[in-house]
Every structure is written in C-alpha cells, then in structure tokens.
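Structure file protein28.cif with mmCIF, C-alpha atoms:
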```
data_coords
loop_
_atom_site.label_atom_id
_atom_site.label_comp_id
_atom_site.auth_asym_id
_atom_site.auth_seq_id
_atom_site.Cartn_x
_atom_site.Cartn_y
_atom_site.Cartn_z
CA MET U 57 15.07 -15.72 -19.32
CA THR U 58 18.16 -15.48 -21.51
CA PRO U 59 21.64 -16.15 -20.08
CA ASP U 60 22.38 -12.41 -20.20
CA GLU U 61 19.19 -11.64 -18.31
CA LYS U 62 20.00 -14.33 -15.77
CA THR U 63 23.47 -12.82 -15.24
CA GLU U 64 21.95 -9.36 -14.75
CA PHE U 65 19.27 -10.82 -12.45
CA ASP U 66 21.95 -12.46 -10.27
CA ARG U 67 24.13 -9.33 -10.26
CA ARG U 68 21.30 -7.08 -9.13
CA ARG U 69 20.12 -9.51 -6.47
CA ARG U 70 23.66 -9.95 -5.14
CA SER U 71 24.38 -6.22 -4.98
CA LYS U 72 21.02 -5.53 -3.33
CA ASN U 73 21.64 -8.23 -0.75
CA LEU U 74 25.09 -6.82 0.00
CA VAL U 75 23.72 -3.29 0.46
CA LEU U 76 20.87 -4.55 2.66
CA GLY U 77 23.32 -6.64 4.72
CA GLY U 78 25.53 -3.57 5.18
CA ILE U 79 22.56 -1.47 6.29
CA LEU U 80 21.45 -4.13 8.79
CA LEU U 81 24.98 -4.39 10.20
CA PHE U 82 25.12 -0.59 10.49
CA PHE U 83 21.84 -0.53 12.42
CA VAL U 84 23.00 -3.31 14.75
CA MET U 85 26.07 -1.22 15.61
CA LEU U 86 24.00 1.97 15.90
CA PHE U 87 21.49 0.35 18.26
CA TYR U 88 24.34 -1.05 20.33
CA ALA U 89 25.89 2.44 20.60
CA ILE U 90 22.51 4.06 21.40
CA THR U 91 21.87 1.49 24.13
CA ILE U 92 25.27 2.09 25.74
CA VAL U 93 24.78 5.88 25.62
CA ARG U 94 21.23 5.72 27.03
CA MET U 95 22.39 3.44 29.88
CA GLY U 96 25.17 5.87 30.81
CA MET F 260 11.65 -24.26 -19.31
CA GLN F 261 9.95 -20.95 -20.18
CA GLN F 262 8.32 -20.37 -16.78
CA THR F 263 11.02 -17.99 -15.58
CA ALA F 264 10.57 -15.70 -18.58
CA SER F 265 7.93 -13.64 -16.74
CA ILE F 266 10.13 -12.91 -13.71
CA PRO F 267 10.91 -9.16 -13.74
CA LEU F 268 14.43 -7.97 -13.00
CA PRO F 269 14.79 -6.83 -9.39
CA ALA F 270 15.28 -3.07 -9.02
CA ASP F 271 18.86 -1.92 -8.62
CA TRP F 272 19.71 -0.58 -5.14
CA ARG F 273 20.80 2.69 -6.79
CA ASP F 274 17.22 3.21 -7.93
CA PHE F 275 15.99 2.86 -4.35
CA PHE F 276 18.62 5.41 -3.35
CA ALA F 277 17.46 7.73 -6.15
CA LEU F 278 13.90 7.54 -4.77
CA THR F 279 15.08 9.37 -1.64
CA LYS F 280 16.04 12.49 -3.70
CA PRO F 281 19.62 12.65 -2.36
CA ARG F 282 20.20 16.28 -3.47
CA VAL F 283 17.17 17.52 -1.57
CA MET F 284 18.25 15.36 1.36
CA SER F 285 21.62 17.13 1.55
CA LEU F 286 19.84 20.43 2.32
CA VAL F 287 17.61 18.65 4.83
CA ILE F 288 20.67 17.19 6.57
CA PHE F 289 22.41 20.58 6.62
CA THR F 290 19.47 22.50 8.14
CA GLY F 291 18.64 19.66 10.55
CA LEU F 292 22.25 19.55 11.72
CA CYS F 293 22.34 23.33 12.12
CA GLY F 294 19.16 23.24 14.23
CA LEU F 295 20.77 20.57 16.39
CA LEU F 296 24.09 22.39 16.77
CA ALA F 297 22.51 25.80 17.41
CA ALA F 298 20.18 24.57 20.17
CA PRO F 299 21.11 25.36 23.76
CA GLY F 300 22.18 22.33 25.72
CA HIS F 301 24.18 19.24 24.93
CA ILE F 302 23.45 16.04 23.07
CA ASN F 303 25.66 12.99 22.97
CA PRO F 304 27.35 12.76 19.53
CA VAL F 305 25.91 9.26 18.96
CA LEU F 306 22.38 10.54 19.68
CA GLY F 307 23.00 13.68 17.64
CA PHE F 308 24.10 11.54 14.70
CA THR F 309 21.02 9.34 15.16
CA ALA F 310 18.70 12.36 15.20
CA VAL F 311 20.15 13.72 11.93
CA LEU F 312 20.05 10.24 10.42
CA CYS F 313 16.36 9.91 11.32
CA ILE F 314 15.60 13.34 9.83
CA ALA F 315 17.35 12.22 6.62
CA LEU F 316 15.58 8.83 6.56
CA GLY F 317 12.21 10.50 7.13
CA ALA F 318 12.87 12.96 4.28
CA GLY F 319 13.93 10.03 2.07
CA GLY F 320 10.76 8.11 2.92
CA ALA F 321 8.58 11.11 2.16
CA ALA F 322 10.42 11.63 -1.15
CA ALA F 323 9.84 7.98 -2.11
CA LEU F 324 6.12 8.31 -1.33
CA ASN F 325 6.04 11.52 -3.38
CA GLN F 326 7.52 9.70 -6.39
CA TRP F 327 5.18 6.75 -5.91
CA TRP F 328 2.15 9.05 -6.04
CA GLU F 329 3.44 11.26 -8.88
CA ALA F 330 4.83 8.51 -11.13
CA ASP F 331 2.34 9.34 -13.90
CA LEU F 332 3.04 13.09 -13.69
CA ASP F 333 6.81 12.47 -13.66
CA ALA F 334 6.48 10.42 -16.84
CA GLY F 335 4.99 13.44 -18.60
CA MET F 336 7.82 15.85 -17.74
CA LYS F 337 11.27 15.92 -19.32
CA ARG F 338 13.10 16.68 -16.05
CA THR F 339 11.58 13.73 -14.19
CA ALA F 340 10.89 11.17 -16.95
CA GLY F 341 14.15 9.34 -16.17
CA ARG F 342 13.30 8.67 -12.51
CA PRO F 343 13.12 4.99 -11.46
CA LEU F 344 9.31 4.68 -11.70
CA PRO F 345 8.58 6.49 -14.98
CA GLY F 346 11.78 4.93 -16.33
CA GLY F 347 10.21 1.49 -15.76
CA ARG F 348 13.09 0.27 -13.59
CA MET F 349 11.00 -0.42 -10.51
CA ALA F 350 7.53 -1.67 -9.59
CA ARG F 351 5.31 1.11 -8.25
CA THR F 352 4.34 -0.86 -5.14
CA ASP F 353 8.05 -1.35 -4.31
CA ALA F 354 8.48 2.44 -4.17
CA ARG F 355 5.40 2.78 -1.94
CA ASP F 356 6.55 0.03 0.44
CA PHE F 357 10.08 1.43 0.54
CA GLY F 358 8.72 4.89 1.39
CA ILE F 359 6.49 3.55 4.15
CA ALA F 360 9.30 1.40 5.60
CA LEU F 361 11.76 4.32 5.69
CA SER F 362 9.18 6.66 7.19
CA VAL F 363 8.05 4.25 9.92
CA ALA F 364 11.63 3.22 10.77
CA SER F 365 12.80 6.85 11.03
CA VAL F 366 9.98 7.78 13.42
CA ILE F 367 10.41 4.69 15.63
CA VAL F 368 14.19 5.06 15.91
CA MET F 369 13.82 8.80 16.61
CA GLY F 370 11.25 8.06 19.32
CA LEU F 371 13.28 5.34 21.02
CA ALA F 372 16.69 7.00 20.80
CA ILE F 373 15.88 10.71 21.11
CA GLY F 374 12.32 11.36 22.29
CA TRP F 375 8.73 11.15 21.18
CA LEU F 376 8.24 14.90 20.70
CA ALA F 377 10.96 15.01 18.01
CA ALA F 378 9.54 11.76 16.60
CA GLY F 379 6.02 13.21 16.55
CA ILE F 380 7.16 16.32 14.63
CA LEU F 381 9.10 14.08 12.23
CA ALA F 382 6.00 11.91 11.68
CA PHE F 383 3.88 14.99 11.04
CA SER F 384 6.47 16.41 8.60
CA ILE F 385 6.39 13.17 6.57
CA PHE F 386 2.57 13.19 6.56
CA TYR F 387 2.60 16.88 5.64
CA TYR F 388 4.88 16.35 2.61
CA ALA F 389 3.49 13.02 1.37
CA VAL F 390 -0.23 13.61 1.97
CA ILE F 391 -1.10 17.28 2.60
CA TYR F 392 1.33 18.63 -0.01
CA THR F 393 1.82 15.88 -2.62
CA ILE F 394 -1.60 14.24 -2.71
CA TRP F 395 -3.93 17.01 -1.60
CA LEU F 396 -2.76 20.57 -2.32
CA LYS F 397 0.03 20.47 -4.93
CA PRO F 398 -2.32 19.63 -7.82
CA ARG F 399 -5.05 22.00 -6.57
CA THR F 400 -3.56 25.42 -5.83
CA PRO F 401 -0.85 27.75 -7.24
CA GLN F 402 0.13 28.31 -3.61
CA ASN F 403 1.65 24.80 -3.72
CA ILE F 404 5.21 26.13 -3.37
CA VAL F 405 4.25 28.06 -0.23
CA ILE F 406 2.68 24.91 1.22
CA GLY F 407 5.62 22.74 0.13
CA GLY F 408 7.96 25.18 1.85
CA GLY F 409 6.44 24.08 5.13
CA ALA F 410 7.70 20.54 4.57
CA GLY F 411 11.25 21.75 4.00
CA ALA F 412 11.06 23.93 7.09
CA PHE F 413 10.67 21.11 9.63
CA PRO F 414 14.28 19.71 9.78
CA PRO F 415 15.92 22.53 11.82
CA MET F 416 12.94 22.49 14.19
CA ILE F 417 13.31 18.72 14.68
CA GLY F 418 17.08 19.07 15.18
CA TRP F 419 16.51 21.75 17.80
CA VAL F 420 13.78 19.81 19.63
CA ALA F 421 16.01 16.70 19.61
CA VAL F 422 18.39 18.61 21.90
CA THR F 423 16.02 20.66 24.05
CA GLY F 424 13.00 18.36 24.23
CA ASP F 425 10.50 21.21 23.92
CA ILE F 426 9.09 23.62 21.35
CA THR F 427 9.99 27.24 22.04
CA ALA F 428 10.01 30.42 19.92
CA MET F 429 13.46 29.67 18.46
CA PRO F 430 12.63 26.42 16.60
CA VAL F 431 9.39 28.04 15.39
CA LEU F 432 11.42 30.97 14.01
CA LEU F 433 13.84 28.58 12.25
CA PHE F 434 10.78 26.96 10.69
CA ALA F 435 9.46 30.39 9.65
CA ILE F 436 12.77 31.41 8.05
CA ILE F 437 12.75 28.45 5.63
CA PHE F 438 8.99 28.77 5.11
CA PHE F 439 9.27 32.40 3.94
CA TRP F 440 12.53 31.79 2.05
CA THR F 441 11.11 28.99 -0.13
CA PRO F 442 8.66 30.94 -2.36
CA PRO F 443 11.14 33.60 -3.59
CA HIS F 444 13.80 30.89 -4.00
CA PHE F 445 11.63 28.59 -6.08
CA TRP F 446 9.67 31.22 -8.00
CA ALA F 447 12.94 32.90 -9.09
CA LEU F 448 13.88 29.53 -10.61
CA ALA F 449 10.40 29.05 -12.09
CA LEU F 450 10.67 32.42 -13.86
CA PHE F 451 13.74 31.46 -15.89
CA VAL F 452 13.37 27.69 -16.27
CA GLN F 453 10.79 26.60 -18.78
CA SER F 454 9.01 23.89 -16.80
CA ASP F 455 6.39 21.54 -18.15
CA TYR F 456 4.32 21.41 -14.96
CA ALA F 457 1.44 23.02 -16.86
CA LYS F 458 1.48 20.13 -19.34
CA VAL F 459 0.71 17.64 -16.56
CA GLY F 460 -1.85 19.87 -14.83
CA ILE F 461 0.15 21.19 -11.86
CA PRO F 462 -0.86 24.85 -11.27
CA MET F 463 2.44 26.69 -10.79
CA MET F 464 2.24 30.38 -9.85
CA PRO F 465 3.92 31.94 -12.95
CA VAL F 466 1.57 29.96 -15.21
CA VAL F 467 -1.67 30.50 -13.27
CA LYS F 468 -1.24 34.10 -12.03
CA GLY F 469 1.36 35.29 -14.51
CA HIS F 470 4.89 36.66 -14.21
CA ARG F 471 3.88 40.08 -12.89
CA SER F 472 1.98 38.67 -9.91
CA THR F 473 4.76 36.16 -9.18
CA ARG F 474 7.37 38.95 -9.18
CA ARG F 475 5.32 41.04 -6.71
CA GLN F 476 4.91 38.02 -4.44
CA ILE F 477 8.66 37.33 -4.52
CA LEU F 478 9.21 40.89 -3.25
CA ALA F 479 6.54 40.50 -0.55
CA TYR F 480 8.19 37.34 0.83
CA ALA F 481 11.66 38.94 0.66
CA ILE F 482 10.37 41.92 2.70
CA VAL F 483 8.76 39.68 5.32
CA LEU F 484 11.94 37.61 5.53
CA VAL F 485 14.00 40.55 6.86
CA PRO F 486 12.34 40.82 10.30
CA ILE F 487 11.75 37.07 10.56
CA ALA F 488 15.40 36.21 9.90
CA ALA F 489 16.50 38.82 12.45
CA ALA F 490 13.87 37.81 15.03
CA PRO F 491 16.06 35.18 16.76
CA TRP F 492 18.39 38.05 17.71
CA PHE F 493 15.54 40.37 18.78
CA ILE F 494 14.10 37.79 21.18
CA GLY F 495 17.54 37.05 22.65
CA GLY F 496 17.84 33.57 21.17
CA THR F 497 21.15 34.38 19.46
CA GLY F 498 23.97 36.87 19.79
CA ALA F 499 24.87 39.92 17.72
CA VAL F 500 27.04 37.90 15.30
CA TYR F 501 23.96 36.13 14.00
CA GLY F 502 21.76 39.23 14.29
CA ILE F 503 24.01 41.53 12.25
CA ALA F 504 24.71 38.82 9.67
CA ALA F 505 20.99 38.05 9.36
CA VAL F 506 20.12 41.71 8.77
CA ILE F 507 22.88 42.17 6.17
CA LEU F 508 22.08 38.89 4.36
CA SER F 509 18.33 39.56 4.36
CA LEU F 510 18.74 43.12 3.08
CA ALA F 511 20.99 41.75 0.32
CA PHE F 512 18.28 39.17 -0.46
CA LEU F 513 15.77 42.01 -0.64
CA GLY F 514 18.18 43.94 -2.85
CA PHE F 515 18.37 41.03 -5.31
CA SER F 516 14.55 40.75 -5.28
CA LEU F 517 13.89 44.40 -6.18
CA PRO F 518 15.05 44.26 -9.84
CA VAL F 519 13.15 40.98 -10.26
CA ALA F 520 9.96 42.51 -8.84
CA PHE F 521 9.82 45.61 -11.02
CA ARG F 522 11.23 44.37 -14.28
CA ASN F 523 9.46 43.57 -17.51
CA PRO F 524 11.44 40.82 -19.21
CA VAL F 525 11.85 40.68 -22.96
CA ASP F 526 12.78 37.66 -25.05
CA GLY F 527 16.49 36.96 -25.12
CA ASP F 528 17.46 39.21 -22.18
CA GLY F 529 19.04 36.26 -20.35
CA MET F 530 16.86 36.65 -17.20
CA LYS F 531 19.98 37.67 -15.29
CA PRO F 532 18.27 39.29 -12.25
CA GLU F 533 16.19 36.12 -11.72
CA LYS F 534 19.26 33.89 -12.02
CA ARG F 535 21.22 36.10 -9.61
CA LEU F 536 18.36 36.00 -7.07
CA PHE F 537 18.13 32.20 -7.31
CA ALA F 538 21.90 31.76 -6.88
CA PHE F 539 21.98 34.18 -3.94
CA SER F 540 18.98 32.49 -2.29
CA ILE F 541 20.98 29.26 -1.96
CA LEU F 542 24.01 31.09 -0.59
CA TYR F 543 21.69 32.99 1.77
CA LEU F 544 20.26 29.92 3.44
CA PHE F 545 23.61 28.17 3.86
CA ALA F 546 25.23 31.36 5.19
CA LEU F 547 22.35 32.19 7.56
CA PHE F 548 22.27 28.74 9.16
CA GLY F 549 26.07 28.57 9.18
CA VAL F 550 26.22 31.87 11.09
CA LEU F 551 23.52 30.62 13.46
CA VAL F 552 25.76 27.70 14.44
CA ALA F 553 28.88 29.90 14.55
CA ASP F 554 27.10 32.35 16.87
CA ARG F 555 26.14 29.52 19.22
CA LEU F 556 29.66 28.04 19.24
CA LEU F 557 31.25 31.45 19.86
CA ALA F 558 28.90 31.95 22.82
CA ALA F 559 29.55 28.43 24.12
CA TYR F 560 33.32 29.00 24.09
CA GLY F 561 32.98 32.40 25.72
CA VAL F 562 34.18 34.44 22.71
CA ILE F 563 30.97 36.50 22.75
CA ALA F 564 28.47 37.09 25.54
#
```

In structure tokens, how does this file's structure come out?
Amino acid sequence: MTPDEKTEFDRRRRSKNLVLGGILLFFVMLFYAITIVRMG
Amino acid sequence: MQQTASIPLPADWRDFFALTKPRVMSLVIFTGLCGLLAAPGHINPVLGFTAVLCIALGAGGAAALNQWWEADLDAGMKRTAGRPLPGGRMARTDARDFGIALSVASVIVMGLAIGWLAAGILAFSIFYYAVIYTIWLKPRTPQNIVIGGGAGAFPPMIGWVAVTGDITAMPVLLFAIIFFWTPPHFWALALFVQSDYAKVGIPMMPVVKGHRSTRRQILAYAIVLVPIAAAPWFIGGTGAVYGIAAVILSLAFLGFSLPVAFRNPVDGDGMKPEKRLFAFSILYLFALFGVLVADRLLAAYGVIA
C-alpha cells in the first residue's frame, strides 16, 4: 500500500466510522423517545 | 512489508447511501407520509416519524438487494454502469449484507414501535421487490413494470395501517392508485428514452410488444385509473375536495394519454406528447396524494364535513 493509498484508506475508514457512530447515536435517541411514548 | 498491498479500500459511506436509491426513496417517503397523514385517527409524532423512517429504510434495503442481484446487468447499461457495484467501488457481498441489515432492522423497529401488521406488510413489500420482482419476474416478462408497480404501491398502505392498525378498503385503494399509475408513467418514459435494457436481456414492453401495443396499454391503464382514483370519495373514505380533484386530475391524465395512444411517431418529431404525459404523471401523483392529505386535514379541522 502506497502512502497515498494509506491516507485514502484512513480517510474512508474514519468517515465511515463517524457516520456509523452518528447513526447509532440517532437510534439510541429514537429508541429512548419511542420507549417514553409507548409508556405514556 | 508488502502484505498490506492486497487490502482493498473500504467502500465510502456515500456509496452505501447510493445503494438505497435516494431519489426513489423520496417518492416512497412522500407517499408513505401521505398515507399516514390521511388515515383516520391519531399517531404520536415520534411514532409517525418512526413509521416513515422504517418505510424508507425498508425501501433502501430492498434497493440495495436489487443492486446486489443486478450488478452484472447494471454494468452493461450506460445509465447504471456508474453505480457502486459495477463501478468497482464496493464488494458485492457488502451490498447484499447492507441490504439484508437495513431490511431486517426496518421490519423489527416497525414491529416493536408501531405494530406487527404494518411490519408484516413492510416485510412482504421488501420480499416482493427484492425477490418476486427483481430476481423472479423482471427478467422473464414484459409485464415487469406492472409487477414492479406493486412494490412502489405499498408505502401509503403501510403508512395508513401504521395509524389504524387494520387493512380496510382505503389503504387497498391507495395501493391500487399507484399500481395502475405506474405503467403509463414508466412506459411514457420508455417510449422517448432510448434504454439499453434489451442489450442486457430485460424484456421491456416497447421492445417486446412494440410501440403500438405499449401506447394502447398506456391508454387502458389511464382509463382504469379514473374510477380507481375517485373510488376513495365514492366509498365515503374522503370528502368532496379529494373527490373532485381526483376526477379532474385523472381526466387530465387521460387527456394527456389520448394523443400518445393514437399517434404514429416519426423520427425527429421530439416525442412531445410522451414527454408531456411523463411530466404530468409525476405532477399527478404528488397532487393527488397532496389533496388526499389536505382533504383529511380540512375535515379534521371542521372546514368541510
């Protein structure tokens, strides 16, 4: 793997992790809200 | 060390997003939301949002499975050759796993948050699009657009059932409206866009049965659409605002279909009637479902009976 490829590899992995982390956080909040609504 | 040289680049998250066919999803979200808003009864905004989200995720999962299965076909067509799989930007199994994960997650969340009837219809709609349409019938019959229309017709039904919890005539009619609208909408496009479906062995109606037959079938569906679009009013499911708008819009749709049905195109004539019908078909669906929601809101706020 060339240095350029390594940089691109790291960039893609980082951006994918950030997006996945955001989605997980969103679902945590959504499930919390659904639980509160369903209990009400 | 040369061992890392064989490690492929991970797919970009934008390519995963592209797998969900975001433009198709926008129509799915719109019709699903309209079904939800037009249904009698009340749903908590958080649950309503969740229902529409699940409809969108399910559609995205089905679209990813569609692209996983058709990667070879997509590679052979100009319009689709740049998609993530034929473009070589993603492993095929990643697309399959992503599609399955989205589909399963959408059904489970729908079941837990909203109800298992809506989840069951959502699960069937994903199976219908990914398996019955994509894998089984699309490559085998020129009626593939008619069959595919069924897949696009589920979202308003799911939105409606998410609120009411049961299947009545109204959600079935919403399904029927999109089902009968799809063939004239898509075939109008197929008449003026030179597609290379034939090159990859997909039997599209204008290629298999010819332009004349396709034009007659467009007219037949446009005629059937008039009573079906107005039926929610006839059975008392909506008020006169929707009913009158549905009749006017559907007659206009029929009016745009007539010149397409009886015309013999010549090279270089611009295919204007076909383009006008296609453009109006999009406006028609947005307007019809928009009026459906408006009618319901006007009734809810006591403006109309």

Residue with the minimum atom-to-atom distance to Asp333 in chain F, picked from F:Tyr456, F:Ala360, F:Pro491, F:Gly527 with all atoms listed in the file counted, is F:Tyr456

Could you please determine the separation between CA of Asp353 in chain F and CA of Thr279 in chain F in Å, to one decimal place? 13.1 Å

Translate the PyMOL selection byres ((chain F and resi 489) around 6) into a concrete residue list for this structure, as a list of chain:residue names.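 Residues picked by the PyMOL selection byres ((chain F and resi 489) around 6): F:Pro486, F:Ile487, F:Ala488, F:Ala490, F:Pro491, F:Trp492, F:Gly502, F:Ala505, F:Val506.
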
Can you list, as a PyMOL selection string, the residues that the PyMOL selection byres ((chain U) within 6 of (chain F)) selects here? chain U and resi 57+65+68+72

In the coordinate frame of the file, compute which residues have an atom within 10 Å of (6.2, 9.9, -17.7) when using only C-alpha atoms, and state them as an mmCIF file with C-alpha atoms, keeping the file's coordinate frame.
```
data_model
loop_
_atom_site.group_PDB
_atom_site.id
_atom_site.type_symbol
_atom_site.label_atom_id
_atom_site.label_comp_id
_atom_site.auth_asym_id
_atom_site.auth_seq_id
_atom_site.Cartn_x
_atom_site.Cartn_y
_atom_site.Cartn_z
ATOM 1 C CA GLU F 329 3.440 11.260 -8.880
ATOM 2 C CA ALA F 330 4.830 8.510 -11.130
ATOM 3 C CA ASP F 331 2.340 9.340 -13.900
ATOM 4 C CA LEU F 332 3.040 13.090 -13.690
ATOM 5 C CA ASP F 333 6.810 12.470 -13.660
ATOM 6 C CA ALA F 334 6.480 10.420 -16.840
ATOM 7 C CA GLY F 335 4.990 13.440 -18.600
ATOM 8 C CA MET F 336 7.820 15.850 -17.740
ATOM 9 C CA LYS F 337 11.270 15.920 -19.320
ATOM 10 C CA ARG F 338 13.100 16.680 -16.050
ATOM 11 C CA THR F 339 11.580 13.730 -14.190
ATOM 12 C CA ALA F 340 10.890 11.170 -16.950
ATOM 13 C CA GLY F 341 14.150 9.340 -16.170
ATOM 14 C CA ARG F 342 13.300 8.670 -12.510
ATOM 15 C CA LEU F 344 9.310 4.680 -11.700
ATOM 16 C CA PRO F 345 8.580 6.490 -14.980
ATOM 17 C CA GLY F 346 11.780 4.930 -16.330
ATOM 18 C CA GLY F 347 10.210 1.490 -15.760
ATOM 19 C CA VAL F 459 0.710 17.640 -16.560
#
```

Around all the atoms of range 347-350 of chain F listed in the file, draw an axis-aligned box and extend it by 8 Å on each of the six sides; I want its centre and edge lengths in Å to one decimal, as JSON.
```
{"center_x": 10.3, "center_y": -0.1, "center_z": -12.7, "size_x": 21.6, "size_y": 19.2, "size_z": 22.2}
```

With a distance cut-off of 9 Å and all atoms listed in the file, select the neighbouring residues of range 507-514 of chain F, excluding the residue or stretch itself and same-chain residues fewer than 3 positions from it, and output the selection as a PyMOL selection string. chain F and resi 478+481-482+484-486+488-489+502-504+517-518+536+539-540+543+546-547

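Taking CA of Gly409 in chain F and CA of Phe439 in chain F as the two end points, the separation is 8.9 Å.
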
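Here the PyMOL selection byres ((chain F and resi 276) around 12) catches exactly these residues: Lys72, Val75 and Leu76 of chain U; Ala270, Asp271, Trp272, Arg273, Asp274, Phe275, Ala277, Leu278, Thr279, Lys280, Pro281, Arg282, Met284, Leu316, Gly319, Gly320, Ala322, Ala323, Arg342, Pro343, Met349, Ala354, Phe357, Gly358 and Leu361 of chain F.
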
A straight line from CA of Pro465 in chain F to CA of Leu286 in chain F spans 24.9 Å

I want to know what sits within 9 Å of Ala315 in chain F, based on all atoms listed in the file, with residues of the same chain fewer than 6 positions away left out; could you give that as a PyMOL selection string? chain F and resi 284-285+287-288+291+365+414

Create the file for the chosen residues now, containing C-alpha atoms and written as a short mmCIF file (atom, residue, chain, number, x, y, z; two decimals), in the coordinates of the input.
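Wrote it out as out_0.cif, contents follow:
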```cif
data_model
loop_
_atom_site.label_atom_id
_atom_site.label_comp_id
_atom_site.auth_asym_id
_atom_site.auth_seq_id
_atom_site.Cartn_x
_atom_site.Cartn_y
_atom_site.Cartn_z
CA MET F 284 18.25 15.36 1.36
CA SER F 285 21.62 17.13 1.55
CA VAL F 287 17.61 18.65 4.83
CA ILE F 288 20.67 17.19 6.57
CA GLY F 291 18.64 19.66 10.55
CA SER F 365 12.80 6.85 11.03
CA PRO F 414 14.28 19.71 9.78
#
```
